[in-house]
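S.K.: Got a structure for you, coords-v5.csv, holding CSV, C-alpha atoms and all ligand atoms.
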```csv
chain,number,residue,atom,x,y,z
Y,1,ALA,CA,2.4,-123.4,-49.5
Y,2,LEU,CA,4.0,-120.0,-49.8
Y,3,GLN,CA,7.5,-119.7,-48.4
Y,4,ALA,CA,9.7,-117.0,-47.2
Y,5,GLY,CA,13.4,-117.7,-47.1
Y,6,ILE,CA,15.6,-116.5,-44.3
Y,7,VAL,CA,18.9,-115.3,-45.6
Y,8,GLY,CA,21.9,-113.3,-44.2
Y,9,LEU,CA,25.6,-113.4,-43.6
Y,10,PRO,CA,27.0,-115.9,-41.1
Y,11,ASN,CA,26.6,-115.0,-37.4
Y,12,VAL,CA,23.8,-112.5,-37.8
Y,13,GLY,CA,21.2,-114.5,-36.0
Y,14,LYS,CA,19.5,-116.5,-38.7
Y,15,SER,CA,19.5,-119.9,-36.9
Y,16,THR,CA,18.3,-118.2,-33.8
Y,17,LEU,CA,15.4,-116.8,-35.7
Y,18,PHE,CA,14.7,-120.1,-37.4
Y,19,ASN,CA,14.7,-121.8,-34.0
Y,20,ALA,CA,12.0,-119.4,-32.9
Y,21,VAL,CA,10.0,-120.3,-36.0
Y,22,SER,CA,10.4,-124.0,-35.6
Y,23,ASN,CA,9.7,-124.0,-31.9
Y,24,SER,CA,6.5,-122.3,-32.5
Y,25,ALA,CA,5.7,-124.7,-35.4
Y,26,LYS,CA,6.2,-127.6,-33.1
Y,27,ALA,CA,4.0,-126.1,-30.4
Y,28,GLN,CA,1.2,-125.7,-32.9
Y,29,ALA,CA,1.6,-129.0,-34.6
Y,30,SER,CA,0.6,-130.9,-31.5
Y,31,ASN,CA,-3.1,-130.1,-31.6
Y,32,TYR,CA,-4.7,-130.8,-34.8
Y,33,ARG,CA,-2.4,-130.8,-37.7
Y,34,PHE,CA,-0.1,-133.4,-39.0
Y,35,CYS,CA,3.1,-131.8,-40.0
Y,36,THR,CA,5.6,-133.3,-42.4
Y,37,ILE,CA,8.0,-130.5,-42.9
Y,38,GLU,CA,11.7,-130.8,-43.7
Y,39,PRO,CA,14.3,-129.8,-41.1
Y,40,ASN,CA,14.9,-126.4,-42.7
Y,41,VAL,CA,11.3,-125.6,-43.1
Y,42,GLY,CA,9.0,-124.3,-40.4
Y,43,GLN,CA,5.3,-123.8,-40.8
Y,44,VAL,CA,3.8,-121.1,-38.5
Y,45,ASP,CA,0.3,-119.9,-37.9
Y,46,VAL,CA,-0.5,-116.4,-39.1
Y,47,PRO,CA,-1.5,-114.4,-36.0
Y,48,ASP,CA,-4.9,-112.8,-36.6
Y,49,ASP,CA,-6.9,-111.2,-33.9
Y,50,ARG,CA,-10.1,-111.5,-35.9
Y,51,MET,CA,-10.0,-115.3,-35.4
Y,52,LYS,CA,-10.5,-114.8,-31.7
Y,53,VAL,CA,-13.5,-112.5,-32.2
Y,54,LEU,CA,-15.1,-114.9,-34.6
Y,55,GLU,CA,-14.5,-117.8,-32.2
Y,56,GLU,CA,-16.3,-116.0,-29.5
Y,57,LEU,CA,-19.2,-115.2,-31.7
Y,58,VAL,CA,-19.6,-118.6,-33.3
Y,59,GLN,CA,-18.3,-120.9,-30.5
Y,60,PRO,CA,-17.1,-123.6,-32.9
Y,61,GLN,CA,-15.6,-127.0,-32.0
Y,62,ARG,CA,-12.2,-125.8,-33.3
Y,63,THR,CA,-10.4,-122.9,-34.8
Y,64,VAL,CA,-7.9,-123.3,-37.6
Y,65,PRO,CA,-5.6,-120.4,-38.5
Y,66,THR,CA,-3.9,-120.1,-41.8
Y,67,THR,CA,-0.1,-120.6,-42.1
Y,68,ILE,CA,3.0,-119.7,-44.0
Y,69,GLU,CA,6.4,-121.3,-44.1
Y,70,PHE,CA,9.8,-120.1,-43.4
Y,71,VAL,CA,12.9,-121.7,-44.9
Y,72,ASP,CA,16.3,-121.5,-43.3
Y,73,ILE,CA,18.7,-120.8,-46.0
Y,74,ALA,CA,22.2,-121.1,-44.4
Y,75,GLY,CA,25.5,-120.8,-46.1
Y,76,LEU,CA,25.3,-117.6,-48.0
Y,77,VAL,CA,28.7,-116.0,-47.8
Y,78,LYS,CA,30.7,-113.5,-49.7
Y,79,GLY,CA,31.7,-115.2,-53.0
Y,80,ALA,CA,28.8,-117.7,-52.9
Y,81,SER,CA,27.9,-116.9,-56.5
Y,82,GLN,CA,31.4,-118.0,-57.4
Y,83,GLY,CA,31.1,-121.2,-55.5
Y,84,GLU,CA,32.6,-120.0,-52.1
Y,85,GLY,CA,31.3,-121.7,-49.0
Y,86,LEU,CA,28.3,-123.8,-49.7
Y,87,GLY,CA,27.9,-121.7,-52.8
Y,88,ASN,CA,25.4,-122.5,-55.4
Y,89,LYS,CA,23.3,-125.0,-53.7
Y,90,PHE,CA,22.0,-122.4,-51.4
Y,91,LEU,CA,21.4,-119.9,-54.1
Y,92,ALA,CA,19.2,-122.6,-55.7
Y,93,ASN,CA,17.2,-122.8,-52.5
Y,94,ILE,CA,16.5,-119.1,-52.6
Y,95,ARG,CA,15.2,-119.5,-56.1
Y,96,GLU,CA,12.4,-121.6,-54.8
Y,97,VAL,CA,11.0,-119.2,-52.2
Y,98,ASP,CA,8.4,-116.6,-52.8
Y,99,ALA,CA,9.9,-113.9,-50.7
Y,100,ILE,CA,13.1,-113.1,-48.8
Y,101,VAL,CA,13.6,-112.3,-45.1
Y,102,HIS,CA,17.0,-110.7,-44.9
Y,103,VAL,CA,18.4,-110.8,-41.4
Y,104,ILE,CA,21.0,-108.2,-40.6
Y,105,ARG,CA,23.2,-107.9,-37.6
Y,106,CYS,CA,22.6,-104.7,-35.6
Y,107,PHE,CA,24.1,-105.9,-32.3
Y,108,GLU,CA,27.6,-105.5,-31.0
Y,109,ASP,CA,29.3,-108.5,-29.3
Y,110,GLU,CA,33.0,-108.9,-29.5
Y,111,ASN,CA,32.7,-112.6,-28.9
Y,112,ILE,CA,30.8,-113.1,-32.1
Y,113,LEU,CA,33.0,-112.7,-35.1
Y,114,ARG,CA,32.1,-110.5,-38.0
Y,115,GLU,CA,34.6,-111.4,-40.7
Y,116,GLU,CA,34.6,-107.9,-42.3
Y,117,GLY,CA,35.3,-106.1,-39.0
Y,118,ASP,CA,33.1,-103.6,-37.3
Y,119,ILE,CA,29.3,-103.9,-37.4
Y,120,ASN,CA,28.0,-102.4,-40.6
Y,121,PRO,CA,24.5,-103.3,-41.6
Y,122,ILE,CA,24.6,-101.4,-44.9
Y,123,ALA,CA,27.8,-103.2,-46.0
Y,124,ASP,CA,26.3,-106.6,-44.9
Y,125,LYS,CA,23.3,-105.9,-47.0
Y,126,GLU,CA,25.3,-105.0,-50.0
Y,127,ILE,CA,27.5,-108.2,-49.7
Y,128,ILE,CA,24.4,-110.4,-49.9
Y,129,ASP,CA,22.8,-108.2,-52.6
Y,130,THR,CA,26.0,-108.5,-54.7
Y,131,GLU,CA,26.0,-112.3,-54.6
Y,132,LEU,CA,22.4,-112.4,-55.6
Y,133,GLN,CA,22.9,-109.9,-58.4
Y,134,LEU,CA,25.8,-111.8,-59.8
Y,135,LYS,CA,23.7,-114.9,-59.9
Y,136,ASP,CA,20.9,-113.0,-61.6
Y,137,LEU,CA,23.3,-111.6,-64.1
Y,138,ASP,CA,24.2,-115.1,-65.0
Y,139,SER,CA,20.6,-116.1,-65.5
Y,140,VAL,CA,19.8,-113.0,-67.6
Y,141,GLU,CA,22.8,-113.5,-69.8
Y,142,LYS,CA,21.9,-117.2,-70.4
Y,143,LYS,CA,18.4,-116.2,-71.4
Y,144,ILE,CA,19.7,-113.4,-73.7
Y,145,HIS,CA,21.9,-116.0,-75.5
Y,146,ARG,CA,18.9,-118.3,-75.8
Y,147,LEU,CA,16.7,-115.6,-77.3
Y,148,GLU,CA,19.3,-114.3,-79.6
Y,149,LYS,CA,19.3,-117.6,-81.5
Y,150,MET,CA,15.6,-117.2,-82.0
Y,151,VAL,CA,15.5,-113.6,-83.1
Y,152,LYS,CA,15.8,-114.5,-86.8
Y,153,ALA,CA,12.4,-116.2,-86.6
Y,154,GLY,CA,11.1,-112.7,-86.3
Y,155,ASP,CA,8.9,-113.2,-83.3
Y,156,PRO,CA,8.1,-109.7,-82.0
Y,157,LYS,CA,7.9,-111.1,-78.4
Y,158,VAL,CA,11.5,-112.3,-78.6
Y,159,LYS,CA,12.6,-108.8,-79.6
Y,160,SER,CA,10.7,-107.1,-76.8
Y,161,GLN,CA,11.9,-109.6,-74.2
Y,162,LEU,CA,15.5,-109.0,-75.4
Y,163,GLU,CA,15.0,-105.3,-74.9
Y,164,VAL,CA,13.8,-105.8,-71.3
Y,165,LEU,CA,16.6,-108.3,-70.5
Y,166,ALA,CA,19.2,-105.8,-71.8
Y,167,ARG,CA,17.8,-103.3,-69.3
Y,168,CYS,CA,17.9,-105.9,-66.6
Y,169,LYS,CA,21.5,-106.6,-67.4
Y,170,GLN,CA,22.5,-103.0,-67.2
Y,171,HIS,CA,20.6,-102.5,-64.0
Y,172,LEU,CA,22.5,-105.5,-62.4
Y,173,PHE,CA,25.8,-104.2,-63.7
Y,174,GLU,CA,25.1,-101.0,-61.8
Y,175,GLY,CA,24.7,-103.0,-58.6
Y,176,LYS,CA,21.0,-102.7,-58.3
Y,177,ASN,CA,18.2,-105.2,-57.6
Y,178,ILE,CA,15.7,-106.2,-60.3
Y,179,ARG,CA,12.7,-105.5,-57.9
Y,180,GLY,CA,13.6,-101.8,-58.1
Y,181,MET,CA,12.9,-101.8,-61.8
Y,182,GLU,CA,9.2,-102.4,-61.1
Y,183,LEU,CA,8.7,-104.3,-64.3
Y,184,GLU,CA,5.0,-104.3,-65.4
Y,185,GLY,CA,2.6,-106.2,-67.5
Y,186,GLU,CA,4.2,-107.8,-70.5
Y,187,GLU,CA,7.7,-106.7,-69.3
Y,188,LYS,CA,7.4,-109.3,-66.5
Y,189,GLU,CA,7.2,-112.1,-69.1
Y,190,ALA,CA,10.9,-111.5,-69.9
Y,191,THR,CA,11.9,-112.6,-66.4
Y,192,ALA,CA,9.0,-114.9,-65.4
Y,193,ASP,CA,10.7,-118.1,-66.4
Y,194,ILE,CA,14.2,-117.4,-64.9
Y,195,PHE,CA,13.1,-116.7,-61.3
Y,196,LEU,CA,15.5,-113.9,-60.6
Y,197,LEU,CA,16.6,-113.7,-57.0
Y,198,THR,CA,16.7,-110.0,-56.7
Y,199,GLU,CA,13.2,-109.7,-58.1
Y,200,LYS,CA,11.7,-111.4,-55.1
Y,201,PRO,CA,10.1,-109.2,-52.6
Y,202,VAL,CA,12.2,-108.6,-49.5
Y,203,LEU,CA,11.9,-107.4,-45.9
Y,204,TYR,CA,14.7,-106.8,-43.4
Y,205,VAL,CA,15.1,-108.0,-39.9
Y,206,ALA,CA,17.3,-105.7,-37.8
Y,207,ASN,CA,18.6,-108.1,-35.1
Y,208,VAL,CA,19.3,-105.7,-32.3
Y,209,ASP,CA,20.4,-106.3,-28.7
Y,210,GLU,CA,18.0,-106.2,-25.8
Y,211,ALA,CA,18.8,-102.5,-24.9
Y,212,ALA,CA,17.7,-101.4,-28.4
Y,213,LEU,CA,14.6,-103.5,-28.6
Y,214,LEU,CA,12.1,-100.7,-28.3
Y,215,THR,CA,14.1,-97.8,-29.5
Y,216,GLY,CA,16.3,-99.3,-32.2
Y,217,ASN,CA,20.0,-98.2,-32.4
Y,218,LYS,CA,22.3,-96.4,-34.8
Y,219,TYR,CA,22.7,-99.6,-36.9
Y,220,SER,CA,19.0,-100.3,-37.2
Y,221,ASP,CA,18.4,-96.6,-37.9
Y,222,ALA,CA,20.8,-96.8,-40.8
Y,223,LEU,CA,19.0,-99.8,-42.1
Y,224,VAL,CA,15.6,-98.2,-41.8
Y,225,LYS,CA,16.8,-95.2,-43.8
Y,226,MET,CA,18.2,-97.4,-46.5
Y,227,ALA,CA,15.2,-99.6,-46.7
Y,228,ALA,CA,12.9,-96.6,-47.0
Y,229,GLU,CA,14.7,-95.6,-50.1
Y,230,GLU,CA,13.9,-99.1,-51.5
Y,231,GLY,CA,10.3,-99.0,-50.3
Y,232,ALA,CA,11.1,-102.0,-48.1
Y,233,GLN,CA,10.1,-102.7,-44.5
Y,234,VAL,CA,12.4,-103.3,-41.5
Y,235,ILE,CA,11.3,-105.4,-38.5
Y,236,VAL,CA,13.4,-104.4,-35.4
Y,237,MET,CA,13.6,-107.3,-33.1
Y,238,ASN,CA,15.9,-109.4,-31.0
Y,239,ASN,CA,16.1,-112.9,-32.3
Y,240,SER,CA,17.5,-114.4,-29.1
Y,241,ILE,CA,14.6,-113.2,-27.1
Y,242,GLU,CA,12.2,-114.5,-29.7
Y,243,ALA,CA,13.8,-118.0,-29.5
Y,244,GLN,CA,13.5,-117.8,-25.7
Y,245,ILE,CA,9.8,-116.8,-25.9
Y,246,THR,CA,8.9,-119.8,-28.1
Y,247,GLU,CA,10.6,-122.2,-25.7
Y,248,LEU,CA,8.1,-121.3,-22.9
Y,249,ASP,CA,5.2,-123.7,-22.6
Y,250,THR,CA,2.2,-121.6,-21.7
Y,251,ILE,CA,0.7,-118.5,-23.2
Y,252,GLU,CA,0.8,-116.9,-19.8
Y,253,ASP,CA,4.5,-117.5,-19.4
Y,254,LYS,CA,5.1,-116.1,-22.9
Y,255,GLU,CA,3.1,-113.0,-22.2
Y,256,MET,CA,4.9,-112.4,-18.9
Y,257,PHE,CA,8.2,-112.8,-20.6
Y,258,PHE,CA,7.8,-110.5,-23.5
Y,259,SER,CA,5.9,-107.9,-21.5
Y,260,GLU,CA,8.9,-107.6,-19.2
Y,261,TYR,CA,10.8,-106.3,-22.2
Y,262,GLY,CA,8.0,-103.8,-22.8
Y,263,LEU,CA,6.7,-105.7,-25.8
Y,264,THR,CA,3.0,-106.0,-26.5
Y,265,GLU,CA,3.4,-109.1,-28.6
Y,266,PRO,CA,6.3,-111.2,-29.8
Y,267,GLY,CA,8.4,-109.7,-32.6
Y,268,LEU,CA,7.8,-113.0,-34.5
Y,269,ASN,CA,4.2,-112.1,-34.8
Y,270,ARG,CA,5.1,-108.8,-36.5
Y,271,LEU,CA,7.5,-110.6,-38.8
Y,272,ILE,CA,4.9,-113.3,-39.8
Y,273,ARG,CA,2.3,-110.7,-40.5
Y,274,SER,CA,4.7,-108.6,-42.5
Y,275,ALA,CA,5.9,-111.6,-44.5
Y,276,TYR,CA,2.2,-112.4,-45.2
Y,277,LYS,CA,1.6,-108.9,-46.6
Y,278,LEU,CA,4.8,-108.9,-48.5
Y,279,LEU,CA,3.6,-112.0,-50.3
Y,280,ASN,CA,0.5,-110.1,-51.3
Y,281,LEU,CA,-1.7,-112.4,-49.3
Y,282,ILE,CA,-5.1,-111.8,-47.7
Y,283,THR,CA,-7.4,-113.9,-45.5
Y,284,TYR,CA,-11.0,-114.9,-45.8
Y,285,PHE,CA,-12.9,-116.9,-43.2
Y,286,THR,CA,-15.4,-119.7,-43.1
Y,287,ALA,CA,-17.4,-119.8,-39.9
Y,288,GLY,CA,-19.6,-122.6,-38.8
Y,289,VAL,CA,-20.3,-124.6,-35.6
Y,290,LEU,CA,-17.8,-127.2,-36.6
Y,291,GLU,CA,-14.9,-124.9,-37.2
Y,292,VAL,CA,-13.9,-121.3,-37.7
Y,293,ARG,CA,-11.1,-121.3,-40.3
Y,294,ALA,CA,-8.9,-118.8,-42.0
Y,295,TRP,CA,-7.9,-119.3,-45.6
Y,296,THR,CA,-5.1,-117.7,-47.6
Y,297,ILE,CA,-5.6,-116.2,-51.0
Y,298,HIS,CA,-3.8,-113.7,-53.2
Y,299,THR,CA,-5.1,-110.1,-53.4
Y,300,GLY,CA,-7.4,-109.8,-56.3
Y,301,TRP,CA,-8.7,-113.4,-56.5
Y,302,LYS,CA,-12.3,-113.9,-57.5
Y,303,ALA,CA,-14.7,-116.1,-55.6
Y,304,PRO,CA,-14.3,-119.4,-57.6
Y,305,GLN,CA,-10.5,-119.3,-57.3
Y,306,ALA,CA,-10.8,-118.4,-53.6
Y,307,ALA,CA,-13.1,-121.4,-53.2
Y,308,SER,CA,-10.5,-123.7,-54.8
Y,309,VAL,CA,-8.2,-123.4,-51.7
Y,310,ILE,CA,-10.8,-125.3,-49.7
Y,311,HIS,CA,-11.3,-127.9,-52.4
Y,312,THR,CA,-10.4,-128.0,-56.1
Y,313,ASP,CA,-13.9,-129.2,-56.9
Y,314,PHE,CA,-15.3,-126.0,-55.5
Y,315,GLU,CA,-13.9,-124.0,-58.3
Y,316,LYS,CA,-15.3,-126.1,-61.1
Y,317,GLY,CA,-18.7,-126.5,-59.5
Y,318,PHE,CA,-19.0,-122.9,-58.2
Y,319,ILE,CA,-22.5,-121.5,-58.3
Y,320,LYS,CA,-22.4,-118.5,-55.9
Y,321,ALA,CA,-21.0,-117.3,-52.6
Y,322,GLU,CA,-22.7,-115.9,-49.6
Y,323,VAL,CA,-20.5,-113.1,-48.2
Y,324,ILE,CA,-20.6,-111.2,-45.0
Y,325,ALA,CA,-17.9,-108.5,-44.5
Y,326,TYR,CA,-16.0,-109.0,-41.3
Y,327,LYS,CA,-17.1,-105.8,-39.7
Y,328,ASP,CA,-20.7,-106.5,-40.4
Y,329,TYR,CA,-20.4,-109.9,-38.8
Y,330,VAL,CA,-18.9,-108.4,-35.7
Y,331,GLN,CA,-21.6,-105.7,-35.6
Y,332,TYR,CA,-24.6,-108.0,-36.0
Y,333,LYS,CA,-23.0,-111.0,-34.3
Y,334,THR,CA,-24.8,-113.9,-36.1
Y,335,GLU,CA,-25.3,-114.9,-39.7
Y,336,ALA,CA,-29.0,-114.8,-39.2
Y,337,ALA,CA,-28.9,-111.2,-37.9
Y,338,CYS,CA,-26.6,-110.2,-40.9
Y,339,ARG,CA,-29.2,-111.7,-43.2
Y,340,GLU,CA,-32.1,-109.9,-41.6
Y,341,ASN,CA,-30.2,-106.6,-41.9
Y,342,GLY,CA,-29.3,-107.1,-45.5
Y,343,LYS,CA,-25.6,-107.7,-44.8
Y,344,LEU,CA,-25.4,-111.1,-46.3
Y,345,ARG,CA,-24.7,-110.6,-50.0
Y,346,ILE,CA,-25.0,-113.2,-52.7
Y,347,GLU,CA,-22.0,-112.9,-55.0
Y,348,GLY,CA,-21.2,-114.5,-58.4
Y,349,LYS,CA,-18.2,-115.6,-60.3
Y,350,GLU,CA,-16.8,-112.2,-60.8
Y,351,TYR,CA,-16.7,-111.2,-57.1
Y,352,VAL,CA,-13.3,-110.1,-55.9
Y,353,VAL,CA,-12.9,-111.5,-52.4
Y,354,GLN,CA,-11.9,-108.9,-49.8
Y,355,ASP,CA,-9.7,-109.3,-46.8
Y,356,GLY,CA,-11.8,-110.5,-43.8
Y,357,ASP,CA,-14.8,-111.7,-45.8
Y,358,VAL,CA,-16.8,-114.4,-44.1
Y,359,MET,CA,-17.7,-116.8,-47.0
Y,360,HIS,CA,-20.0,-119.6,-47.6
Y,361,PHE,CA,-19.8,-121.3,-51.0
Y,362,ARG,CA,-22.6,-123.0,-53.0
Y,363,PHE,CA,-21.4,-125.4,-55.5
Y,364,ASN,CA,-22.4,-128.4,-57.7
Y,365,VAL,CA,-20.6,-131.7,-57.2
K,401,LIG,P1,23.6,-117.4,-38.1
K,401,LIG,O1,25.0,-117.8,-38.4
K,401,LIG,O2,23.2,-116.2,-38.9
K,401,LIG,O3,22.6,-118.5,-38.2
K,401,LIG,O4,23.6,-116.9,-36.6
K,401,LIG,P2,23.2,-117.6,-35.3
K,401,LIG,O5,21.7,-117.5,-35.1
K,401,LIG,O6,23.8,-118.9,-35.1
K,401,LIG,O7,23.8,-116.6,-34.2
K,401,LIG,C1,25.3,-116.4,-34.1
K,401,LIG,C2,25.6,-116.1,-32.7
K,401,LIG,O8,25.1,-114.8,-32.4
K,401,LIG,C3,25.1,-117.1,-31.7
K,401,LIG,O9,26.0,-117.3,-30.7
K,401,LIG,C4,23.8,-116.4,-31.2
K,401,LIG,O10,23.6,-116.8,-29.8
K,401,LIG,C5,24.3,-114.9,-31.2
K,401,LIG,N1,23.2,-114.0,-31.3
K,401,LIG,C6,22.0,-114.1,-32.1
K,401,LIG,N2,21.3,-113.0,-31.9
K,401,LIG,C7,21.9,-112.2,-31.0
K,401,LIG,C8,21.7,-110.9,-30.4
K,401,LIG,O11,20.6,-110.3,-30.7
K,401,LIG,N3,22.6,-110.4,-29.6
K,401,LIG,C9,23.7,-111.1,-29.3
K,401,LIG,N4,24.6,-110.6,-28.4
K,401,LIG,N5,24.0,-112.3,-29.8
K,401,LIG,C10,23.1,-112.8,-30.6
```
I'd like the structure from this file rewritten - as structure tokens, please.
Ligand code: GDP
M.R.:
Amino acid sequence: ALQAGIVGLPNVGKSTLFNAVSNSAKAQASNYRFCTIEPNVGQVDVPDDRMKVLEELVQPQRTVPTTIEFVDIAGLVKGASQGEGLGNKFLANIREVDAIVHVIRCFEDENILREEGDINPIADKEIIDTELQLKDLDSVEKKIHRLEKMVKAGDPKVKSQLEVLARCKQHLFEGKNIRGMELEGEEKEATADIFLLTEKPVLYVANVDEAALLTGNKYSDALVKMAAEEGAQVIVMNNSIEAQITELDTIEDKEMFFSEYGLTEPGLNRLIRSAYKLLNLITYFTAGVLEVRAWTIHTGWKAPQAASVIHTDFEKGFIKAEVIAYKDYVQYKTEAACRENGKLRIEGKEYVVQDGDVMHFRFNV
């Protein structure tokens, strides 16, 4: 499953956020899914209003949303790349995630220590960035050494990769993240096998206090401005409130609680959806009387590959797919009515699945 890693300096509210994630994972796990997830991994449903609409139209026995996983990556401190704190182990954990959720402290509280003094979200962000950049510099240099030994063999690929890696090295030296280089096509091959930490997509959580929940504050404003320059997104939320929401038992209690703060939905929902987008994921649906179910695929996947997430055999034996666009399904209300109105398309191997498609696969076994 795809994973987003929660990182940040100590005392910024990471564990509080992860508690919210794992509370909601536990709440969901009780119904229909067997969850074997490690203590630092929480699997959460991706909130999607379209599921409710399809459920009402189809009246299935059950509804199964799609999920993503959050990993709590504690222990990242200044000097981690040099082995400070829990050091390298945690950097290794970051290497395994697909995206990074960087939690940044935007609340004042004199009882909660910030080692570097006054609250400063930009400085906090830079401390973490620097650690990750130093680690990447290490990985890049190692690969350069490896390739330099091969350059005599005269492989043009080695030469072009060396050129890209030299640019990466310079970029890191300047204190910048690799994701900002926007490597493309063949250039990406140079870094593909070294899993650079600063190449992973990132989004920021501005952990603000209650008073700033709806408006943000000067700290989150500074963060939003900085993130805009990077083309990154900031979710302004209060992690303590989120953890409290997920501790409540019923949906009614939850709604009452967050609406008292003027929220229309939990911040966690916004975070989950944004992480899903950040990972470049889209959803298609299967809709039958047994179940309405959401399936996760990457943007750009063709029908056979999309079918493989249901069952690997579906890809090999793929014949064709019956496809109804979500908005057509909602407009005509039943599969039969969609068919009558020419809204049920028969698509082949080359069809690129669109977000919201309601799919039915035909395949050979
Ligand atoms: P971590 O070290 O990043 O995992 O941080 P924690 O989640 O353990 O939070 C550190 C401390 O800050 C805890 O005492 C939390 O209760 C507190 N905390 C977390 N979020 C907020 C917040 O939004 N406002 C305030 N005042 N305290 C918070």
S.K.: Per residue of chain Y within 6 Å of ligand LIG 401 (chain K), what are the shortest atom pair and its distance in Å to one decimal, counting only C-alpha atoms and all ligand atoms, with rows by chain and residue number, as CSV?
M.R.:
```
residue,atom,partner,partner_atom,distance
Y:Leu9,CA,K:LIG401,O2,6.0
Y:Pro10,CA,K:LIG401,O1,3.9
Y:Asn11,CA,K:LIG401,O1,3.4
Y:Val12,CA,K:LIG401,O2,3.9
Y:Gly13,CA,K:LIG401,O5,3.2
Y:Lys14,CA,K:LIG401,O2,3.7
Y:Ser15,CA,K:LIG401,O3,3.6
Y:Thr16,CA,K:LIG401,O5,3.7
Y:Phe107,CA,K:LIG401,N3,5.5
Y:Asp109,CA,K:LIG401,N4,5.2
Y:Ile112,CA,K:LIG401,O8,6.0
Y:Asn207,CA,K:LIG401,O11,5.3
Y:Val208,CA,K:LIG401,O11,5.0
Y:Asp209,CA,K:LIG401,O11,4.5
Y:Asn238,CA,K:LIG401,O11,4.8
Y:Asn239,CA,K:LIG401,N2,5.2
Y:Ser240,CA,K:LIG401,N2,4.9
```
S.K.: Could you name the residues that touch Thr63 in chain Y at 10 Å or less, counting only C-alpha atoms, but leaving out those on the same chain fewer than 2 positions away, as a list in words?
M.R.: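 So, after excluding close chain neighbours, the residues are Tyr32, Met51, Lys52, Leu54, Glu55, Gln59, Pro60, Gln61, Pro65, Thr66, Ala287, Leu290, Glu291, Val292, Arg293 and Ala294 of chain Y.
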S.K.: Could you tell me how far CA of Ile282 in chain Y sits from CA of Thr334 in chain Y, in Å to one decimal place?
M.R.: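 If I compute the distance from CA of Thr334 in chain Y to CA of Ile282 in chain Y, I get 23.0 Å.
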S.K.: Would you mind listing, for every residue of range 88-183 of chain Y within 9 Å of range 274-280 of chain Y, the two atoms forming the shortest contact and the distance between them in Å to one decimal, using only C-alpha atoms, sorted by chain and ascending residue number, as CSV?
M.R.:
```
residue,atom,partner,partner_atom,distance
Y:Asp98,CA,Y:Leu279,CA,7.1
Y:Ala99,CA,Y:Leu279,CA,6.6
Y:Ile100,CA,Y:Ala275,CA,8.5
Y:Val101,CA,Y:Ala275,CA,7.8
```
S.K.: Find the spatial neighbours of Ser22 in chain Y, counting all atoms listed in the file, within a cut-off of 9 Å - ignore same-chain residues fewer than 5 positions away - and output them as a ChimeraX atom specification.
M.R.: /Y:17,27,39-44,70,246
S.K.: Between CA of Gln244 in chain Y and CA of Ala20 in chain Y, what is the distance, to one decimal in Å?
M.R.: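 Going from CA of Gln244 in chain Y over to CA of Ala20 in chain Y covers 7.5 Å.
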S.K.: Can you pull out every residue within 12 Å of range 262-265 of chain Y, counting only C-alpha atoms, but drop anything in the same chain fewer than 3 positions away, and send it as number ranges by chain?
M.R.: Y: 47, 49, 210-215, 236-238, 241-242, 245, 251, 254-259, 268-271
S.K.: Could you check the closest approach to Thr283 in chain Y for each of Y:Ser308, Y:Thr67, Y:Ser139, Y:Ser160 and tell me which residue wins, using only C-alpha atoms?
M.R.: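 The shortest atom-to-atom distance to Thr283 in chain Y comes from Y:Thr67.
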S.K.: Skip Ile94 in chain Y itself and residues of its chain fewer than 5 positions away, then list as a VMD selection string all residues within 8 Å of it, counting all atoms listed in the file.
M.R.: chain Y and resid 5 73 100 197
S.K.: Okay, now the selection with C-alpha atoms, as a PDB file, in the coordinates of the input?
M.R.:
```pdb
ATOM      1  CA  GLY Y   5      13.400-117.700 -47.100  1.00  0.00           C
ATOM      2  CA  ILE Y  73      18.700-120.800 -46.000  1.00  0.00           C
ATOM      3  CA  ILE Y 100      13.100-113.100 -48.800  1.00  0.00           C
ATOM      4  CA  LEU Y 197      16.600-113.700 -57.000  1.00  0.00           C
TER       5      LEU Y 197
END
```
S.K.: Quick check, in Å to one decimal: how far apart do CA of Arg345 in chain Y and CA of Ala306 in chain Y lie?
M.R.: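 Computing the Euclidean distance for CA of Arg345 in chain Y and CA of Ala306 in chain Y yields 16.3 Å.
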S.K.: Mind checking which residues fall within 7 Å of Phe285 in chain Y, counting all atoms listed in the file, ignoring those fewer than 5 positions away in the same chain, and posting them as a list in words?
M.R.: Arg293, Ala294, Trp295, Gly356, Asp357, Val358 and Met359 of chain Y
S.K.: In the coordinate frame of the file, compute which residues have an atom within 7 Å of (-24.7, -114.4, -56.7) when using only C-alpha atoms, and state them as a ChimeraX atom specification.
M.R.: /Y:320-321,346-348
S.K.: With distances taken over all atoms listed in the file, which residue among Y:Glu187, Y:Glu115, Y:Glu350, Y:Glu110 lies nearest Lys157 in chain Y?
M.R.: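 Closest to Lys157 in chain Y, using all atoms listed in the file: Y:Glu187.
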S.K.: Under the rule that all atoms listed in the file are counted, which of Y:Gly79, Y:Asp193, Y:Gly85, Y:Ser24 is the nearest residue to Thr250 in chain Y?
M.R.: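 Smallest distance to Thr250 in chain Y is found for Y:Ser24.
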